[in-house]
$ cat model.cif   # mmCIF, N, CA and C atoms
data_data
#
loop_
_atom_site.group_PDB
_atom_site.id
_atom_site.type_symbol
_atom_site.label_atom_id
_atom_site.label_comp_id
_atom_site.auth_asym_id
_atom_site.auth_seq_id
_atom_site.Cartn_x
_atom_site.Cartn_y
_atom_site.Cartn_z
ATOM 1 N N MET A 89 156.069 143.279 154.812
ATOM 2 C CA MET A 89 154.821 143.450 154.124
ATOM 3 C C MET A 89 154.901 144.707 153.258
ATOM 4 N N LYS A 90 154.446 144.596 152.018
ATOM 5 C CA LYS A 90 154.508 145.721 151.103
ATOM 6 C C LYS A 90 153.288 146.614 151.255
ATOM 7 N N ASP A 91 153.487 147.891 151.021
ATOM 8 C CA ASP A 91 152.382 148.841 151.008
ATOM 9 C C ASP A 91 151.731 148.841 149.628
ATOM 10 N N ILE A 92 150.441 149.045 149.628
ATOM 11 C CA ILE A 92 149.721 149.176 148.363
ATOM 12 C C ILE A 92 149.625 150.659 148.048
ATOM 13 N N VAL A 93 150.082 151.031 146.868
ATOM 14 C CA VAL A 93 150.059 152.427 146.451
ATOM 15 C C VAL A 93 149.081 152.555 145.297
ATOM 16 N N ILE A 94 148.092 153.426 145.491
ATOM 17 C CA ILE A 94 147.121 153.702 144.428
ATOM 18 C C ILE A 94 147.495 155.035 143.815
ATOM 19 N N LYS A 95 147.710 155.030 142.515
ATOM 20 C CA LYS A 95 148.142 156.245 141.834
ATOM 21 C C LYS A 95 146.982 157.231 141.725
ATOM 22 N N TRP A 96 147.338 158.506 141.717
ATOM 23 C CA TRP A 96 146.341 159.572 141.642
ATOM 24 C C TRP A 96 145.507 159.450 140.369
ATOM 25 N N ARG A 97 146.100 158.968 139.301
ATOM 26 C CA ARG A 97 145.405 158.806 138.032
ATOM 27 C C ARG A 97 144.215 157.856 138.190
ATOM 28 N N HIS A 98 144.386 156.775 138.946
ATOM 29 C CA HIS A 98 143.317 155.808 139.153
ATOM 30 C C HIS A 98 142.226 156.368 140.070
ATOM 31 N N ILE A 99 142.642 157.096 141.086
ATOM 32 C CA ILE A 99 141.669 157.709 141.992
ATOM 33 C C ILE A 99 140.828 158.726 141.238
ATOM 34 N N LYS A 100 141.473 159.535 140.406
ATOM 35 C CA LYS A 100 140.773 160.548 139.623
ATOM 36 C C LYS A 100 139.767 159.901 138.661
ATOM 37 N N ARG A 101 140.166 158.795 138.036
ATOM 38 C CA ARG A 101 139.273 158.104 137.110
ATOM 39 C C ARG A 101 138.035 157.584 137.833
ATOM 40 N N GLU A 102 138.211 157.018 139.015
ATOM 41 C CA GLU A 102 137.068 156.495 139.774
ATOM 42 C C GLU A 102 136.148 157.618 140.241
ATOM 43 N N ILE A 103 136.706 158.755 140.616
ATOM 44 C CA ILE A 103 135.878 159.898 141.002
ATOM 45 C C ILE A 103 135.062 160.383 139.822
ATOM 46 N N VAL A 104 135.667 160.431 138.652
ATOM 47 C CA VAL A 104 134.940 160.853 137.450
ATOM 48 C C VAL A 104 133.816 159.867 137.132
ATOM 49 N N ILE A 105 134.069 158.582 137.288
ATOM 50 C CA ILE A 105 133.044 157.573 137.024
ATOM 51 C C ILE A 105 131.875 157.729 137.995
ATOM 52 N N ILE A 106 132.167 157.924 139.275
ATOM 53 C CA ILE A 106 131.096 158.089 140.260
ATOM 54 C C ILE A 106 130.301 159.359 139.975
ATOM 55 N N LEU A 107 130.971 160.452 139.636
ATOM 56 C CA LEU A 107 130.265 161.693 139.306
ATOM 57 C C LEU A 107 129.406 161.531 138.064
ATOM 58 N N LEU A 108 129.894 160.790 137.096
ATOM 59 C CA LEU A 108 129.104 160.534 135.887
ATOM 60 C C LEU A 108 127.833 159.757 136.228
ATOM 61 N N PHE A 109 127.936 158.747 137.082
ATOM 62 C CA PHE A 109 126.748 157.993 137.491
ATOM 63 C C PHE A 109 125.790 158.859 138.294
ATOM 64 N N TYR A 110 126.314 159.780 139.105
ATOM 65 C CA TYR A 110 125.462 160.695 139.860
ATOM 66 C C TYR A 110 124.699 161.617 138.922
ATOM 67 N N ILE A 111 125.366 162.117 137.903
ATOM 68 C CA ILE A 111 124.713 162.981 136.920
ATOM 69 C C ILE A 111 123.657 162.204 136.147
ATOM 70 N N ILE A 112 123.945 160.969 135.775
ATOM 71 C CA ILE A 112 122.975 160.137 135.066
ATOM 72 C C ILE A 112 121.747 159.900 135.931
ATOM 73 N N ALA A 113 121.941 159.591 137.207
ATOM 74 C CA ALA A 113 120.811 159.343 138.102
ATOM 75 C C ALA A 113 119.963 160.599 138.270
ATOM 76 N N ASN A 114 120.585 161.763 138.379
ATOM 77 C CA ASN A 114 119.839 163.013 138.473
ATOM 78 C C ASN A 114 119.096 163.313 137.181
ATOM 79 N N PHE A 115 119.708 163.010 136.047
ATOM 80 C CA PHE A 115 119.050 163.215 134.761
ATOM 81 C C PHE A 115 117.802 162.337 134.639
ATOM 82 N N VAL A 116 117.901 161.098 135.074
ATOM 83 C CA VAL A 116 116.742 160.201 135.073
ATOM 84 C C VAL A 116 115.654 160.745 135.997
ATOM 85 N N ASN A 117 116.051 161.319 137.123
ATOM 86 C CA ASN A 117 115.090 161.916 138.048
ATOM 87 C C ASN A 117 114.378 163.103 137.397
ATOM 88 N N VAL A 118 115.114 163.943 136.684
ATOM 89 C CA VAL A 118 114.503 165.087 135.992
ATOM 90 C C VAL A 118 113.529 164.607 134.933
ATOM 91 N N ILE A 119 113.903 163.573 134.199
ATOM 92 C CA ILE A 119 113.007 163.032 133.176
ATOM 93 C C ILE A 119 111.734 162.492 133.819
ATOM 94 N N SER A 120 111.864 161.804 134.951
ATOM 95 C CA SER A 120 110.673 161.269 135.612
ATOM 96 C C SER A 120 109.798 162.399 136.153
ATOM 97 N N ILE A 121 110.384 163.485 136.609
ATOM 98 C CA ILE A 121 109.596 164.639 137.052
ATOM 99 C C ILE A 121 108.821 165.231 135.883
ATOM 100 N N LEU A 122 109.468 165.323 134.731
ATOM 101 C CA LEU A 122 108.789 165.862 133.550
ATOM 102 C C LEU A 122 107.684 164.938 133.055
ATOM 103 N N VAL A 123 107.944 163.648 133.036
ATOM 104 C CA VAL A 123 106.962 162.691 132.519
ATOM 105 C C VAL A 123 105.741 162.607 133.418
ATOM 106 N N TYR A 124 105.967 162.518 134.718
ATOM 107 C CA TYR A 124 104.859 162.353 135.655
ATOM 108 C C TYR A 124 104.318 163.676 136.179
ATOM 109 N N LYS A 125 104.891 164.797 135.713
ATOM 110 C CA LYS A 125 104.425 166.144 136.066
ATOM 111 C C LYS A 125 104.295 166.332 137.575
ATOM 112 N N THR A 126 105.343 165.998 138.287
ATOM 113 C CA THR A 126 105.357 166.163 139.737
ATOM 114 C C THR A 126 106.111 167.431 140.109
ATOM 115 N N SER A 127 106.206 167.689 141.386
ATOM 116 C CA SER A 127 106.839 168.895 141.895
ATOM 117 C C SER A 127 108.359 168.834 141.720
ATOM 118 N N TRP A 128 108.940 169.989 141.466
ATOM 119 C CA TRP A 128 110.393 170.070 141.307
ATOM 120 C C TRP A 128 111.107 169.939 142.641
ATOM 121 N N ASP A 129 110.352 169.941 143.722
ATOM 122 C CA ASP A 129 110.962 169.722 145.043
ATOM 123 C C ASP A 129 111.579 168.331 145.145
ATOM 124 N N GLU A 130 111.143 167.434 144.290
ATOM 125 C CA GLU A 130 111.665 166.068 144.329
ATOM 126 C C GLU A 130 113.135 165.988 143.943
ATOM 127 N N LEU A 131 113.649 167.013 143.271
ATOM 128 C CA LEU A 131 115.088 167.021 142.980
ATOM 129 C C LEU A 131 115.898 167.039 144.270
ATOM 130 N N ILE A 132 115.364 167.693 145.280
ATOM 131 C CA ILE A 132 116.067 167.783 146.555
ATOM 132 C C ILE A 132 115.658 166.649 147.488
ATOM 133 N N THR A 133 114.372 166.372 147.546
ATOM 134 C CA THR A 133 113.886 165.395 148.520
ATOM 135 C C THR A 133 114.234 163.959 148.158
ATOM 136 N N SER A 134 114.520 163.687 146.912
ATOM 137 C CA SER A 134 114.819 162.311 146.517
ATOM 138 C C SER A 134 116.315 162.060 146.337
ATOM 139 N N GLN A 135 117.158 162.890 146.911
ATOM 140 C CA GLN A 135 118.601 162.711 146.774
ATOM 141 C C GLN A 135 119.089 161.409 147.407
ATOM 142 N N LYS A 136 118.391 160.945 148.442
ATOM 143 C CA LYS A 136 118.773 159.668 149.048
ATOM 144 C C LYS A 136 118.654 158.543 148.019
ATOM 145 N N TYR A 137 117.567 158.561 147.262
ATOM 146 C CA TYR A 137 117.370 157.531 146.239
ATOM 147 C C TYR A 137 118.352 157.702 145.087
ATOM 148 N N ILE A 138 118.688 158.937 144.776
ATOM 149 C CA ILE A 138 119.685 159.205 143.731
ATOM 150 C C ILE A 138 121.034 158.611 144.135
ATOM 151 N N LEU A 139 121.389 158.746 145.405
ATOM 152 C CA LEU A 139 122.654 158.175 145.877
ATOM 153 C C LEU A 139 122.620 156.647 145.854
ATOM 154 N N TYR A 140 121.462 156.058 146.170
ATOM 155 C CA TYR A 140 121.335 154.596 146.072
ATOM 156 C C TYR A 140 121.509 154.135 144.624
ATOM 157 N N ILE A 141 120.881 154.833 143.709
ATOM 158 C CA ILE A 141 120.996 154.478 142.288
ATOM 159 C C ILE A 141 122.443 154.635 141.831
ATOM 160 N N THR A 142 123.084 155.722 142.258
ATOM 161 C CA THR A 142 124.488 155.942 141.909
ATOM 162 C C THR A 142 125.360 154.807 142.429
ATOM 163 N N GLU A 143 125.095 154.398 143.668
ATOM 164 C CA GLU A 143 125.866 153.302 144.256
ATOM 165 C C GLU A 143 125.671 152.003 143.475
ATOM 166 N N TRP A 144 124.450 151.693 143.113
ATOM 167 C CA TRP A 144 124.190 150.464 142.366
ATOM 168 C C TRP A 144 124.790 150.501 140.968
ATOM 169 N N LEU A 145 124.735 151.665 140.319
ATOM 170 C CA LEU A 145 125.370 151.781 139.008
ATOM 171 C C LEU A 145 126.878 151.555 139.117
ATOM 172 N N TYR A 146 127.491 152.070 140.173
ATOM 173 C CA TYR A 146 128.928 151.887 140.373
ATOM 174 C C TYR A 146 129.259 150.424 140.649
ATOM 175 N N ILE A 147 128.451 149.759 141.463
ATOM 176 C CA ILE A 147 128.678 148.341 141.751
ATOM 177 C C ILE A 147 128.539 147.506 140.480
ATOM 178 N N ILE A 148 127.538 147.804 139.676
ATOM 179 C CA ILE A 148 127.365 147.093 138.406
ATOM 180 C C ILE A 148 128.563 147.334 137.498
ATOM 181 N N SER A 149 129.059 148.571 137.475
ATOM 182 C CA SER A 149 130.218 148.866 136.619
ATOM 183 C C SER A 149 131.457 148.107 137.085
ATOM 184 N N ILE A 150 131.603 147.906 138.389
ATOM 185 C CA ILE A 150 132.740 147.128 138.903
ATOM 186 C C ILE A 150 132.656 145.690 138.399
ATOM 187 N N PHE A 151 131.465 145.086 138.477
ATOM 188 C CA PHE A 151 131.309 143.713 137.976
ATOM 189 C C PHE A 151 131.573 143.632 136.481
ATOM 190 N N VAL A 152 131.093 144.605 135.728
ATOM 191 C CA VAL A 152 131.318 144.603 134.275
ATOM 192 C C VAL A 152 132.810 144.731 133.975
ATOM 193 N N ARG A 153 133.500 145.584 134.726
ATOM 194 C CA ARG A 153 134.945 145.736 134.496
ATOM 195 C C ARG A 153 135.709 144.468 134.867
ATOM 196 N N PHE A 154 135.322 143.801 135.963
ATOM 197 C CA PHE A 154 135.966 142.530 136.319
ATOM 198 C C PHE A 154 135.772 141.500 135.217
ATOM 199 N N ILE A 155 134.578 141.396 134.695
ATOM 200 C CA ILE A 155 134.303 140.437 133.630
ATOM 201 C C ILE A 155 135.105 140.798 132.384
ATOM 202 N N TYR A 156 135.105 142.082 132.022
ATOM 203 C CA TYR A 156 135.817 142.523 130.822
ATOM 204 C C TYR A 156 137.315 142.232 130.923
ATOM 205 N N PHE A 157 137.930 142.644 132.038
ATOM 206 C CA PHE A 157 139.369 142.439 132.179
ATOM 207 C C PHE A 157 139.711 140.968 132.388
ATOM 208 N N GLY A 158 138.805 140.197 132.989
ATOM 209 C CA GLY A 158 139.030 138.761 133.130
ATOM 210 C C GLY A 158 139.033 138.070 131.782
ATOM 211 N N ILE A 159 138.065 138.396 130.949
ATOM 212 C CA ILE A 159 138.014 137.820 129.595
ATOM 213 C C ILE A 159 139.234 138.255 128.800
ATOM 214 N N ARG A 160 139.600 139.524 128.913
ATOM 215 C CA ARG A 160 140.775 140.035 128.196
ATOM 216 C C ARG A 160 142.050 139.345 128.644
ATOM 217 N N TYR A 161 142.138 139.044 129.951
ATOM 218 C CA TYR A 161 143.320 138.365 130.490
ATOM 219 C C TYR A 161 143.425 136.952 129.939
ATOM 220 N N PHE A 162 142.304 136.231 129.882
ATOM 221 C CA PHE A 162 142.337 134.862 129.396
ATOM 222 C C PHE A 162 142.518 134.773 127.889
ATOM 223 N N ILE A 163 142.080 135.778 127.165
ATOM 224 C CA ILE A 163 142.295 135.791 125.710
ATOM 225 C C ILE A 163 143.775 136.009 125.396
ATOM 226 N N LYS A 164 144.442 136.858 126.177
ATOM 227 C CA LYS A 164 145.860 137.119 125.950
ATOM 228 C C LYS A 164 146.732 135.926 126.252
ATOM 229 N N LYS A 165 146.303 135.067 127.174
ATOM 230 C CA LYS A 165 147.093 133.887 127.544
ATOM 231 C C LYS A 165 146.942 132.823 126.563
#
$ encode --input "model.cif" --output "C-alpha cells"
Amino acid sequence: MKDIVIKWRHIKREIVIILLFYIIANFVNVISILVYKTSWDELITSQKYILYITEWLYIISIFVRFIYFGIRYFIKK
C-alpha cells in the first residue's frame, strides 16, 4: 500500500485560504456591528458564529474547486 504525501506547498495554500475566509467573516461581523450600532463586545462573543461561517465558506470553496477542476479536466480530454 502506498503512502499519501501532501506537499507543504498545498498545506500552506489551504491554511492561507482558511485564514482569508476567517478574515472575511470577521470583516462582515464588523460591518454588521457598524450598521446595527451594537456593542463591540460582539467581536469576541460571536466568534463561534464566525468559525461556523468560515467553515461553510471553506466547504463551498471545496465544491467550487471540484466543479472547476472537473470541468477543466473534461475540456482537456
$ residues_around --input "model.cif" --residues "Ile141 of chain A" --least-positions-apart "6" --cutoff "10 Å" --atoms "only C-alpha atoms" --output "compact mmCIF listing (two decimals) with N, CA and C atoms, keeping the file's coordinate frame"
# COMPACT_ATOMS: atom_id res chain seq x y z
N PHE A 109 127.94 158.75 137.08
CA PHE A 109 126.75 157.99 137.49
C PHE A 109 125.79 158.86 138.29
N TYR A 110 126.31 159.78 139.10
CA TYR A 110 125.46 160.70 139.86
C TYR A 110 124.70 161.62 138.92
N ILE A 112 123.94 160.97 135.78
CA ILE A 112 122.98 160.14 135.07
C ILE A 112 121.75 159.90 135.93
N ALA A 113 121.94 159.59 137.21
CA ALA A 113 120.81 159.34 138.10
C ALA A 113 119.96 160.60 138.27
N ASN A 114 120.58 161.76 138.38
CA ASN A 114 119.84 163.01 138.47
C ASN A 114 119.10 163.31 137.18
N GLN A 135 117.16 162.89 146.91
CA GLN A 135 118.60 162.71 146.77
C GLN A 135 119.09 161.41 147.41
N ILE A 147 128.45 149.76 141.46
CA ILE A 147 128.68 148.34 141.75
C ILE A 147 128.54 147.51 140.48
$ residues_around --input "model.cif" --residues "Val118 of chain A" --least-positions-apart "6" --cutoff "8 Å" --atoms "only N, CA and C atoms" --output "number ranges by chain"
A: 112, 124, 130-131
$ axis_aligned_box --input "model.cif" --around "segment 104-107 of chain A" --padding-each-side "5 Å" --output "AutoDock Vina command-line options"
--center_x 132.5 --center_y 159.6 --center_z 138.6 --size_x 16.3 --size_y 14.1 --size_z 13.2
$ atom_distance --input "model.cif" --atom1 "atom CA of Ile138 of chain A" --atom2 "atom CA of Ile111 of chain A"
9.3 Å
$ select_by_dssp --input "model.cif" --residues "chain A" --states "helix (DSSP H, G or I)" --output "ChimeraX atom specification"
/A:96-124,130-133,135-164
$ atom_distance --input "model.cif" --atom1 "atom N of Val104 of chain A" --atom2 "atom C of Val116 of chain A"
20.2 Å
$ decode --input "model.cif" --residues "segment 119-155 of chain A" --atoms "C-alpha atoms" --output "short mmCIF file (atom, residue, chain, number, x, y, z; two decimals), in the first residue's frame"
data_model
loop_
_atom_site.label_atom_id
_atom_site.label_comp_id
_atom_site.auth_asym_id
_atom_site.auth_seq_id
_atom_site.Cartn_x
_atom_site.Cartn_y
_atom_site.Cartn_z
CA ILE A 119 -19.75 45.79 9.18
CA SER A 120 -22.85 44.37 10.88
CA ILE A 121 -21.77 45.94 14.20
CA LEU A 122 -21.41 49.30 12.47
CA VAL A 123 -24.70 49.05 10.58
CA TYR A 124 -26.80 47.89 13.52
CA LYS A 125 -24.89 50.04 16.05
CA THR A 126 -24.41 47.22 18.54
CA SER A 127 -21.74 46.67 21.17
CA TRP A 128 -18.17 45.95 20.14
CA ASP A 129 -18.21 43.06 22.60
CA GLU A 130 -19.81 41.05 19.81
CA LEU A 131 -16.42 40.75 18.12
CA ILE A 132 -15.45 38.40 20.93
CA THR A 133 -18.77 36.85 21.87
CA SER A 134 -19.74 35.88 18.34
CA GLN A 135 -16.52 34.05 17.44
CA LYS A 136 -18.40 30.74 17.45
CA TYR A 137 -20.59 32.02 14.63
CA ILE A 138 -17.56 33.44 12.83
CA LEU A 139 -15.98 29.97 12.88
CA TYR A 140 -19.21 28.44 11.52
CA ILE A 141 -19.27 30.97 8.69
CA THR A 142 -15.58 30.31 8.00
CA GLU A 143 -16.26 26.58 7.87
CA TRP A 144 -19.17 26.99 5.45
CA LEU A 145 -17.18 29.32 3.20
CA TYR A 146 -14.40 26.72 3.07
CA ILE A 147 -16.85 23.91 2.27
CA ILE A 148 -18.39 25.99 -0.51
CA SER A 149 -14.92 26.74 -1.89
CA ILE A 150 -14.15 23.00 -1.97
CA PHE A 151 -17.28 22.33 -4.05
CA VAL A 152 -16.45 25.22 -6.39
CA ARG A 153 -12.91 23.92 -6.85
CA PHE A 154 -14.18 20.38 -7.57
CA ILE A 155 -16.56 21.73 -10.19
#
